[in-house]
$ cat target29.cif   # mmCIF, N, CA and C atoms, pLDDT in the B column; chains and numbers go by the auth columns
data_final
loop_
_atom_site.group_PDB
_atom_site.id
_atom_site.type_symbol
_atom_site.label_atom_id
_atom_site.label_comp_id
_atom_site.label_asym_id
_atom_site.label_seq_id
_atom_site.Cartn_x
_atom_site.Cartn_y
_atom_site.Cartn_z
_atom_site.B_iso_or_equiv
_atom_site.auth_seq_id
_atom_site.auth_asym_id
ATOM 1 N N MET A 1 13.193 -62.321 -18.488 93.00 1 A
ATOM 2 C CA MET A 1 13.125 -60.936 -18.915 93.00 1 A
ATOM 3 C C MET A 1 12.203 -60.794 -20.120 93.00 1 A
ATOM 4 N N ASN A 2 12.168 -61.817 -20.980 95.00 2 A
ATOM 5 C CA ASN A 2 11.293 -61.748 -22.155 95.00 2 A
ATOM 6 C C ASN A 2 9.827 -61.618 -21.755 95.00 2 A
ATOM 7 N N TYR A 3 9.407 -62.417 -20.770 96.00 3 A
ATOM 8 C CA TYR A 3 8.018 -62.352 -20.317 96.00 3 A
ATOM 9 C C TYR A 3 7.715 -61.029 -19.627 96.00 3 A
ATOM 10 N N LEU A 4 8.658 -60.542 -18.870 96.00 4 A
ATOM 11 C CA LEU A 4 8.487 -59.261 -18.195 96.00 4 A
ATOM 12 C C LEU A 4 8.369 -58.130 -19.212 96.00 4 A
ATOM 13 N N ASP A 5 9.217 -58.158 -20.221 96.00 5 A
ATOM 14 C CA ASP A 5 9.171 -57.151 -21.275 96.00 5 A
ATOM 15 C C ASP A 5 7.846 -57.220 -22.032 96.00 5 A
ATOM 16 N N LYS A 6 7.380 -58.430 -22.285 97.00 6 A
ATOM 17 C CA LYS A 6 6.102 -58.592 -22.987 97.00 6 A
ATOM 18 C C LYS A 6 4.958 -58.043 -22.137 97.00 6 A
ATOM 19 N N SER A 7 4.977 -58.329 -20.840 97.00 7 A
ATOM 20 C CA SER A 7 3.952 -57.807 -19.933 97.00 7 A
ATOM 21 C C SER A 7 3.957 -56.285 -19.928 97.00 7 A
ATOM 22 N N TYR A 8 5.157 -55.717 -19.894 97.00 8 A
ATOM 23 C CA TYR A 8 5.285 -54.257 -19.916 97.00 8 A
ATOM 24 C C TYR A 8 4.684 -53.692 -21.199 97.00 8 A
ATOM 25 N N LYS A 9 5.018 -54.307 -22.325 97.00 9 A
ATOM 26 C CA LYS A 9 4.519 -53.820 -23.611 97.00 9 A
ATOM 27 C C LYS A 9 3.007 -53.956 -23.735 97.00 9 A
ATOM 28 N N LEU A 10 2.426 -54.891 -22.976 97.00 10 A
ATOM 29 C CA LEU A 10 0.972 -55.054 -22.965 97.00 10 A
ATOM 30 C C LEU A 10 0.292 -54.112 -21.980 97.00 10 A
ATOM 31 N N GLY A 11 1.101 -53.292 -21.292 95.00 11 A
ATOM 32 C CA GLY A 11 0.552 -52.275 -20.409 95.00 11 A
ATOM 33 C C GLY A 11 0.437 -52.664 -18.951 95.00 11 A
ATOM 34 N N ASN A 12 1.109 -53.712 -18.542 97.00 12 A
ATOM 35 C CA ASN A 12 1.055 -54.146 -17.148 97.00 12 A
ATOM 36 C C ASN A 12 1.878 -53.195 -16.285 97.00 12 A
ATOM 37 N N VAL A 13 1.211 -52.487 -15.363 96.00 13 A
ATOM 38 C CA VAL A 13 1.912 -51.489 -14.555 96.00 13 A
ATOM 39 C C VAL A 13 2.838 -52.129 -13.529 96.00 13 A
ATOM 40 N N ALA A 14 2.489 -53.311 -13.052 97.00 14 A
ATOM 41 C CA ALA A 14 3.380 -54.003 -12.107 97.00 14 A
ATOM 42 C C ALA A 14 4.689 -54.362 -12.795 97.00 14 A
ATOM 43 N N ALA A 15 4.628 -54.730 -14.072 98.00 15 A
ATOM 44 C CA ALA A 15 5.845 -55.039 -14.827 98.00 15 A
ATOM 45 C C ALA A 15 6.702 -53.783 -14.973 98.00 15 A
ATOM 46 N N SER A 16 6.071 -52.649 -15.218 98.00 16 A
ATOM 47 C CA SER A 16 6.815 -51.392 -15.325 98.00 16 A
ATOM 48 C C SER A 16 7.536 -51.093 -14.017 98.00 16 A
ATOM 49 N N ASN A 17 6.850 -51.279 -12.905 98.00 17 A
ATOM 50 C CA ASN A 17 7.456 -51.054 -11.596 98.00 17 A
ATOM 51 C C ASN A 17 8.605 -52.028 -11.348 98.00 17 A
ATOM 52 N N LEU A 18 8.416 -53.280 -11.712 98.00 18 A
ATOM 53 C CA LEU A 18 9.459 -54.285 -11.499 98.00 18 A
ATOM 54 C C LEU A 18 10.699 -54.002 -12.349 98.00 18 A
ATOM 55 N N ILE A 19 10.493 -53.577 -13.583 98.00 19 A
ATOM 56 C CA ILE A 19 11.640 -53.215 -14.420 98.00 19 A
ATOM 57 C C ILE A 19 12.369 -52.020 -13.796 98.00 19 A
ATOM 58 N N GLY A 20 11.604 -51.077 -13.240 98.00 20 A
ATOM 59 C CA GLY A 20 12.221 -49.963 -12.517 98.00 20 A
ATOM 60 C C GLY A 20 13.074 -50.459 -11.364 98.00 20 A
ATOM 61 N N ASN A 21 12.570 -51.445 -10.622 98.00 21 A
ATOM 62 C CA ASN A 21 13.356 -52.029 -9.517 98.00 21 A
ATOM 63 C C ASN A 21 14.638 -52.658 -10.037 98.00 21 A
ATOM 64 N N MET A 22 14.546 -53.335 -11.167 98.00 22 A
ATOM 65 C CA MET A 22 15.724 -53.984 -11.740 98.00 22 A
ATOM 66 C C MET A 22 16.770 -52.953 -12.150 98.00 22 A
ATOM 67 N N TYR A 23 16.329 -51.842 -12.761 98.00 23 A
ATOM 68 C CA TYR A 23 17.268 -50.776 -13.116 98.00 23 A
ATOM 69 C C TYR A 23 17.858 -50.126 -11.864 98.00 23 A
ATOM 70 N N LEU A 24 17.020 -49.895 -10.861 98.00 24 A
ATOM 71 C CA LEU A 24 17.491 -49.237 -9.646 98.00 24 A
ATOM 72 C C LEU A 24 18.569 -50.057 -8.944 98.00 24 A
ATOM 73 N N ASN A 25 18.418 -51.369 -8.985 98.00 25 A
ATOM 74 C CA ASN A 25 19.348 -52.243 -8.273 98.00 25 A
ATOM 75 C C ASN A 25 20.373 -52.922 -9.167 98.00 25 A
ATOM 76 N N GLY A 26 20.315 -52.649 -10.466 98.00 26 A
ATOM 77 C CA GLY A 26 21.274 -53.255 -11.386 98.00 26 A
ATOM 78 C C GLY A 26 21.150 -54.771 -11.449 98.00 26 A
ATOM 79 N N ILE A 27 19.942 -55.256 -11.520 97.00 27 A
ATOM 80 C CA ILE A 27 19.703 -56.700 -11.561 97.00 27 A
ATOM 81 C C ILE A 27 19.837 -57.191 -12.997 97.00 27 A
ATOM 82 N N TYR A 28 20.638 -58.235 -13.160 96.00 28 A
ATOM 83 C CA TYR A 28 20.900 -58.822 -14.468 96.00 28 A
ATOM 84 C C TYR A 28 19.596 -59.120 -15.188 96.00 28 A
ATOM 85 N N PRO A 29 19.456 -58.779 -16.432 96.00 29 A
ATOM 86 C CA PRO A 29 20.455 -58.354 -17.402 96.00 29 A
ATOM 87 C C PRO A 29 20.574 -56.835 -17.534 96.00 29 A
ATOM 88 N N LEU A 30 20.002 -56.085 -16.602 97.00 30 A
ATOM 89 C CA LEU A 30 20.022 -54.622 -16.687 97.00 30 A
ATOM 90 C C LEU A 30 21.110 -54.044 -15.789 97.00 30 A
ATOM 91 N N ASP A 31 21.754 -53.010 -16.275 98.00 31 A
ATOM 92 C CA ASP A 31 22.742 -52.285 -15.473 98.00 31 A
ATOM 93 C C ASP A 31 22.021 -51.252 -14.609 98.00 31 A
ATOM 94 N N ARG A 32 22.644 -50.900 -13.498 98.00 32 A
ATOM 95 C CA ARG A 32 22.065 -49.887 -12.618 98.00 32 A
ATOM 96 C C ARG A 32 21.960 -48.555 -13.358 98.00 32 A
ATOM 97 N N ASP A 33 20.760 -47.997 -13.350 98.00 33 A
ATOM 98 C CA ASP A 33 20.509 -46.721 -14.016 98.00 33 A
ATOM 99 C C ASP A 33 19.304 -46.079 -13.319 98.00 33 A
ATOM 100 N N VAL A 34 19.585 -45.153 -12.416 98.00 34 A
ATOM 101 C CA VAL A 34 18.531 -44.544 -11.612 98.00 34 A
ATOM 102 C C VAL A 34 17.553 -43.757 -12.485 98.00 34 A
ATOM 103 N N GLU A 35 18.050 -43.075 -13.495 98.00 35 A
ATOM 104 C CA GLU A 35 17.162 -42.298 -14.367 98.00 35 A
ATOM 105 C C GLU A 35 16.199 -43.209 -15.131 98.00 35 A
ATOM 106 N N LYS A 36 16.697 -44.338 -15.615 98.00 36 A
ATOM 107 C CA LYS A 36 15.829 -45.311 -16.292 98.00 36 A
ATOM 108 C C LYS A 36 14.800 -45.864 -15.315 98.00 36 A
ATOM 109 N N ALA A 37 15.247 -46.135 -14.085 98.00 37 A
ATOM 110 C CA ALA A 37 14.332 -46.627 -13.058 98.00 37 A
ATOM 111 C C ALA A 37 13.196 -45.628 -12.850 98.00 37 A
ATOM 112 N N LYS A 38 13.551 -44.351 -12.742 98.00 38 A
ATOM 113 C CA LYS A 38 12.534 -43.318 -12.555 98.00 38 A
ATOM 114 C C LYS A 38 11.558 -43.270 -13.723 98.00 38 A
ATOM 115 N N GLU A 39 12.043 -43.459 -14.937 98.00 39 A
ATOM 116 C CA GLU A 39 11.164 -43.471 -16.109 98.00 39 A
ATOM 117 C C GLU A 39 10.112 -44.570 -15.985 98.00 39 A
ATOM 118 N N TYR A 40 10.560 -45.760 -15.617 98.00 40 A
ATOM 119 C CA TYR A 40 9.633 -46.883 -15.490 98.00 40 A
ATOM 120 C C TYR A 40 8.676 -46.688 -14.316 98.00 40 A
ATOM 121 N N TYR A 41 9.172 -46.171 -13.208 98.00 41 A
ATOM 122 C CA TYR A 41 8.303 -45.896 -12.075 98.00 41 A
ATOM 123 C C TYR A 41 7.246 -44.852 -12.443 98.00 41 A
ATOM 124 N N LYS A 42 7.656 -43.821 -13.167 98.00 42 A
ATOM 125 C CA LYS A 42 6.700 -42.775 -13.546 98.00 42 A
ATOM 126 C C LYS A 42 5.623 -43.314 -14.473 98.00 42 A
ATOM 127 N N LYS A 43 5.974 -44.243 -15.353 97.00 43 A
ATOM 128 C CA LYS A 43 4.961 -44.853 -16.218 97.00 43 A
ATOM 129 C C LYS A 43 3.943 -45.624 -15.392 97.00 43 A
ATOM 130 N N ALA A 44 4.407 -46.331 -14.376 97.00 44 A
ATOM 131 C CA ALA A 44 3.485 -47.058 -13.498 97.00 44 A
ATOM 132 C C ALA A 44 2.683 -46.077 -12.637 97.00 44 A
ATOM 133 N N ALA A 45 3.338 -45.036 -12.157 96.00 45 A
ATOM 134 C CA ALA A 45 2.658 -44.040 -11.326 96.00 45 A
ATOM 135 C C ALA A 45 1.581 -43.310 -12.115 96.00 45 A
ATOM 136 N N ASP A 46 1.796 -43.115 -13.401 95.00 46 A
ATOM 137 C CA ASP A 46 0.784 -42.480 -14.248 95.00 46 A
ATOM 138 C C ASP A 46 -0.516 -43.283 -14.264 95.00 46 A
ATOM 139 N N ASN A 47 -0.416 -44.547 -13.909 93.00 47 A
ATOM 140 C CA ASN A 47 -1.590 -45.414 -13.812 93.00 47 A
ATOM 141 C C ASN A 47 -1.985 -45.652 -12.356 93.00 47 A
ATOM 142 N N ASN A 48 -1.568 -44.724 -11.496 91.00 48 A
ATOM 143 C CA ASN A 48 -1.908 -44.742 -10.073 91.00 48 A
ATOM 144 C C ASN A 48 -1.449 -45.999 -9.350 91.00 48 A
ATOM 145 N N TYR A 49 -0.290 -46.515 -9.711 93.00 49 A
ATOM 146 C CA TYR A 49 0.266 -47.686 -9.055 93.00 49 A
ATOM 147 C C TYR A 49 1.011 -47.226 -7.813 93.00 49 A
ATOM 148 N N ALA A 50 0.449 -47.511 -6.658 92.00 50 A
ATOM 149 C CA ALA A 50 0.950 -46.979 -5.387 92.00 50 A
ATOM 150 C C ALA A 50 2.415 -47.328 -5.133 92.00 50 A
ATOM 151 N N TYR A 51 2.821 -48.538 -5.474 95.00 51 A
ATOM 152 C CA TYR A 51 4.199 -48.951 -5.209 95.00 51 A
ATOM 153 C C TYR A 51 5.202 -48.125 -6.014 95.00 51 A
ATOM 154 N N ALA A 52 4.804 -47.699 -7.203 97.00 52 A
ATOM 155 C CA ALA A 52 5.687 -46.869 -8.024 97.00 52 A
ATOM 156 C C ALA A 52 5.897 -45.502 -7.369 97.00 52 A
ATOM 157 N N TYR A 53 4.811 -44.930 -6.831 96.00 53 A
ATOM 158 C CA TYR A 53 4.955 -43.661 -6.115 96.00 53 A
ATOM 159 C C TYR A 53 5.897 -43.827 -4.924 96.00 53 A
ATOM 160 N N ASN A 54 5.763 -44.930 -4.225 96.00 54 A
ATOM 161 C CA ASN A 54 6.621 -45.189 -3.077 96.00 54 A
ATOM 162 C C ASN A 54 8.085 -45.291 -3.509 96.00 54 A
ATOM 163 N N ASN A 55 8.335 -45.983 -4.616 97.00 55 A
ATOM 164 C CA ASN A 55 9.707 -46.115 -5.111 97.00 55 A
ATOM 165 C C ASN A 55 10.283 -44.772 -5.541 97.00 55 A
ATOM 166 N N LEU A 56 9.465 -43.948 -6.170 98.00 56 A
ATOM 167 C CA LEU A 56 9.932 -42.605 -6.531 98.00 56 A
ATOM 168 C C LEU A 56 10.259 -41.794 -5.279 98.00 56 A
ATOM 169 N N GLY A 57 9.444 -41.943 -4.255 98.00 57 A
ATOM 170 C CA GLY A 57 9.711 -41.263 -2.993 98.00 57 A
ATOM 171 C C GLY A 57 11.023 -41.702 -2.378 98.00 57 A
ATOM 172 N N ARG A 58 11.290 -42.987 -2.460 97.00 58 A
ATOM 173 C CA ARG A 58 12.545 -43.512 -1.899 97.00 58 A
ATOM 174 C C ARG A 58 13.748 -42.922 -2.628 97.00 58 A
ATOM 175 N N ILE A 59 13.658 -42.811 -3.953 98.00 59 A
ATOM 176 C CA ILE A 59 14.762 -42.222 -4.723 98.00 59 A
ATOM 177 C C ILE A 59 14.978 -40.770 -4.308 98.00 59 A
ATOM 178 N N GLU A 60 13.890 -40.018 -4.204 98.00 60 A
ATOM 179 C CA GLU A 60 14.011 -38.610 -3.819 98.00 60 A
ATOM 180 C C GLU A 60 14.537 -38.471 -2.396 98.00 60 A
ATOM 181 N N GLU A 61 14.100 -39.346 -1.511 98.00 61 A
ATOM 182 C CA GLU A 61 14.605 -39.302 -0.139 98.00 61 A
ATOM 183 C C GLU A 61 16.104 -39.584 -0.100 98.00 61 A
ATOM 184 N N ASP A 62 16.553 -40.556 -0.885 97.00 62 A
ATOM 185 C CA ASP A 62 17.984 -40.870 -0.946 97.00 62 A
ATOM 186 C C ASP A 62 18.800 -39.694 -1.468 97.00 62 A
ATOM 187 N N ASN A 63 18.154 -38.840 -2.279 97.00 63 A
ATOM 188 C CA ASN A 63 18.824 -37.654 -2.825 97.00 63 A
ATOM 189 C C ASN A 63 18.579 -36.405 -1.968 97.00 63 A
ATOM 190 N N ASN A 64 18.057 -36.611 -0.766 98.00 64 A
ATOM 191 C CA ASN A 64 17.769 -35.524 0.175 98.00 64 A
ATOM 192 C C ASN A 64 16.756 -34.514 -0.354 98.00 64 A
ATOM 193 N N ASN A 65 15.905 -34.933 -1.274 97.00 65 A
ATOM 194 C CA ASN A 65 14.808 -34.100 -1.772 97.00 65 A
ATOM 195 C C ASN A 65 13.560 -34.480 -0.970 97.00 65 A
ATOM 196 N N PHE A 66 13.526 -34.041 0.278 98.00 66 A
ATOM 197 C CA PHE A 66 12.508 -34.519 1.203 98.00 66 A
ATOM 198 C C PHE A 66 11.104 -34.034 0.876 98.00 66 A
ATOM 199 N N LYS A 67 10.987 -32.850 0.336 98.00 67 A
ATOM 200 C CA LYS A 67 9.659 -32.348 -0.031 98.00 67 A
ATOM 201 C C LYS A 67 9.060 -33.211 -1.142 98.00 67 A
ATOM 202 N N GLU A 68 9.844 -33.493 -2.179 97.00 68 A
ATOM 203 C CA GLU A 68 9.373 -34.328 -3.278 97.00 68 A
ATOM 204 C C GLU A 68 9.097 -35.749 -2.792 97.00 68 A
ATOM 205 N N ALA A 69 9.967 -36.252 -1.927 98.00 69 A
ATOM 206 C CA ALA A 69 9.780 -37.597 -1.378 98.00 69 A
ATOM 207 C C ALA A 69 8.454 -37.668 -0.627 98.00 69 A
ATOM 208 N N PHE A 70 8.193 -36.661 0.194 97.00 70 A
ATOM 209 C CA PHE A 70 6.947 -36.639 0.960 97.00 70 A
ATOM 210 C C PHE A 70 5.737 -36.654 0.036 97.00 70 A
ATOM 211 N N GLU A 71 5.801 -35.866 -1.033 96.00 71 A
ATOM 212 C CA GLU A 71 4.680 -35.818 -1.982 96.00 71 A
ATOM 213 C C GLU A 71 4.449 -37.184 -2.612 96.00 71 A
ATOM 214 N N TYR A 72 5.516 -37.866 -3.020 96.00 72 A
ATOM 215 C CA TYR A 72 5.366 -39.203 -3.595 96.00 72 A
ATOM 216 C C TYR A 72 4.814 -40.188 -2.569 96.00 72 A
ATOM 217 N N TYR A 73 5.298 -40.128 -1.347 96.00 73 A
ATOM 218 C CA TYR A 73 4.797 -41.028 -0.304 96.00 73 A
ATOM 219 C C TYR A 73 3.312 -40.763 -0.034 96.00 73 A
ATOM 220 N N LEU A 74 2.933 -39.505 -0.067 95.00 74 A
ATOM 221 C CA LEU A 74 1.543 -39.141 0.148 95.00 74 A
ATOM 222 C C LEU A 74 0.659 -39.702 -0.968 95.00 74 A
ATOM 223 N N TYR A 75 1.109 -39.567 -2.229 92.00 75 A
ATOM 224 C CA TYR A 75 0.364 -40.152 -3.350 92.00 75 A
ATOM 225 C C TYR A 75 0.235 -41.664 -3.179 92.00 75 A
ATOM 226 N N SER A 76 1.312 -42.286 -2.753 92.00 76 A
ATOM 227 C CA SER A 76 1.307 -43.734 -2.551 92.00 76 A
ATOM 228 C C SER A 76 0.272 -44.124 -1.505 92.00 76 A
ATOM 229 N N ALA A 77 0.273 -43.432 -0.384 92.00 77 A
ATOM 230 C CA ALA A 77 -0.677 -43.744 0.687 92.00 77 A
ATOM 231 C C ALA A 77 -2.112 -43.523 0.239 92.00 77 A
ATOM 232 N N ARG A 78 -2.346 -42.443 -0.454 88.00 78 A
ATOM 233 C CA ARG A 78 -3.711 -42.163 -0.928 88.00 78 A
ATOM 234 C C ARG A 78 -4.186 -43.245 -1.891 88.00 78 A
ATOM 235 N N ASN A 79 -3.319 -43.691 -2.761 82.00 79 A
ATOM 236 C CA ASN A 79 -3.708 -44.722 -3.713 82.00 79 A
ATOM 237 C C ASN A 79 -3.968 -46.058 -3.034 82.00 79 A
ATOM 238 N N LYS A 80 -3.179 -46.386 -2.013 80.00 80 A
ATOM 239 C CA LYS A 80 -3.417 -47.633 -1.278 80.00 80 A
ATOM 240 C C LYS A 80 -4.755 -47.566 -0.545 80.00 80 A
ATOM 241 N N ILE A 81 -5.101 -46.397 -0.006 79.00 81 A
ATOM 242 C CA ILE A 81 -6.384 -46.244 0.684 79.00 81 A
ATOM 243 C C ILE A 81 -7.529 -46.410 -0.305 79.00 81 A
ATOM 244 N N LYS A 82 -7.418 -45.778 -1.483 73.00 82 A
ATOM 245 C CA LYS A 82 -8.459 -45.914 -2.510 73.00 82 A
ATOM 246 C C LYS A 82 -8.611 -47.379 -2.926 73.00 82 A
ATOM 247 N N GLU A 83 -7.474 -48.022 -3.111 71.00 83 A
ATOM 248 C CA GLU A 83 -7.468 -49.427 -3.527 71.00 83 A
ATOM 249 C C GLU A 83 -8.166 -50.304 -2.472 71.00 83 A
ATOM 250 N N ARG A 84 -7.906 -50.017 -1.238 70.00 84 A
ATOM 251 C CA ARG A 84 -8.463 -50.829 -0.150 70.00 84 A
ATOM 252 C C ARG A 84 -9.977 -50.659 -0.033 70.00 84 A
ATOM 253 N N TYR A 85 -10.453 -49.455 -0.187 75.00 85 A
ATOM 254 C CA TYR A 85 -11.870 -49.191 0.056 75.00 85 A
ATOM 255 C C TYR A 85 -12.730 -49.164 -1.202 75.00 85 A
ATOM 256 N N ASN A 86 -12.098 -49.132 -2.361 71.00 86 A
ATOM 257 C CA ASN A 86 -12.870 -49.103 -3.615 71.00 86 A
ATOM 258 C C ASN A 86 -12.730 -50.368 -4.434 71.00 86 A
ATOM 259 N N GLY A 87 -12.129 -51.343 -3.919 56.00 87 A
ATOM 260 C CA GLY A 87 -12.064 -52.559 -4.720 56.00 87 A
ATOM 261 C C GLY A 87 -10.841 -53.290 -4.567 56.00 87 A
#

$ encode --input "target29.cif" --output "structure tokens"
Amino acid sequence: MNYLDKSYKLGNVAASNLIGNMYLNGIYPLDRDVEKAKEYYKKAADNNYAYAYNNLGRIEEDNNNFKEAFEYYLYSARNKIKERYNG
């Protein structure tokens, strides 16, 4: 967790997404906290991290917010396409 936290503090978006996963699933040493998970996912999504958008979509889908879920999934797909064709 120390290395993950350090990576996050250095601005690693994958670390932000992973910490979000840990909060979402209550993985030791973090307790389950969906709101905290969303915070970390949004920080990664702000840097166009496609997996974070996908995770936000999954949360919204689980809460039956299908319109918001669709929008997040769409952002995720668009970012993966950009990533594939632009580098």

$ atom_distance --input "target29.cif" --atom1 "atom CA of Asn55 of chain A" --atom2 "atom C of Tyr73 of chain A"
9.8 Å

$ resolve_selection --input "target29.cif" --expression "the PyMOL selection byres ((chain A and resi 44) around 7)" --output "list in words"
Asn12, Val13, Ala14, Ser16, Asn17, Glu39, Tyr40, Tyr41, Lys42, Lys43, Ala45, Asp46, Asn47, Asn48, Tyr49, Ala50, Ala52 and Tyr53 of chain A

$ select_by_dssp --input "target29.cif" --residues "chain A" --states "alpha helix (DSSP H)" --output "JSON, numbers by chain"
{"A": [2, 3, 4, 5, 6, 7, 8, 9, 13, 14, 15, 16, 17, 18, 19, 20, 21, 22, 23, 24, 25, 34, 35, 36, 37, 38, 39, 40, 41, 42, 43, 44, 45, 50, 51, 52, 53, 54, 55, 56, 57, 58, 59, 60, 61, 62, 66, 67, 68, 69, 70, 71, 72, 73, 74, 75, 76, 77, 78, 79, 80, 81, 82, 83, 84, 85, 86]}

$ resolve_selection --input "target29.cif" --expression "the PyMOL selection byres (((chain A and resi 36-38 and name CA) around 8) and name CA)" --output "PyMOL selection string"
chain A and resi 19-24+33-35+39-42+56

$ atom_distance --input "target29.cif" --atom1 "atom N of Gly57 of chain A" --atom2 "atom N of Asn79 of chain A"
13.0 Å

$ closest_residue --input "target29.cif" --among "A:Asn54, A:Tyr85, A:Ala15, A:Tyr8" --to "Tyr72 of chain A" --atoms "only C-alpha atoms"
A:Asn54

$ resolve_selection --input "target29.cif" --expression "the PyMOL selection byres ((chain A and resi 69) around 7)" --output "PyMOL selection string"
chain A and resi 56-61+65-68+70-74

$ atom_distance --input "target29.cif" --atom1 "atom C of Arg78 of chain A" --atom2 "atom CA of Tyr51 of chain A"
10.7 Å
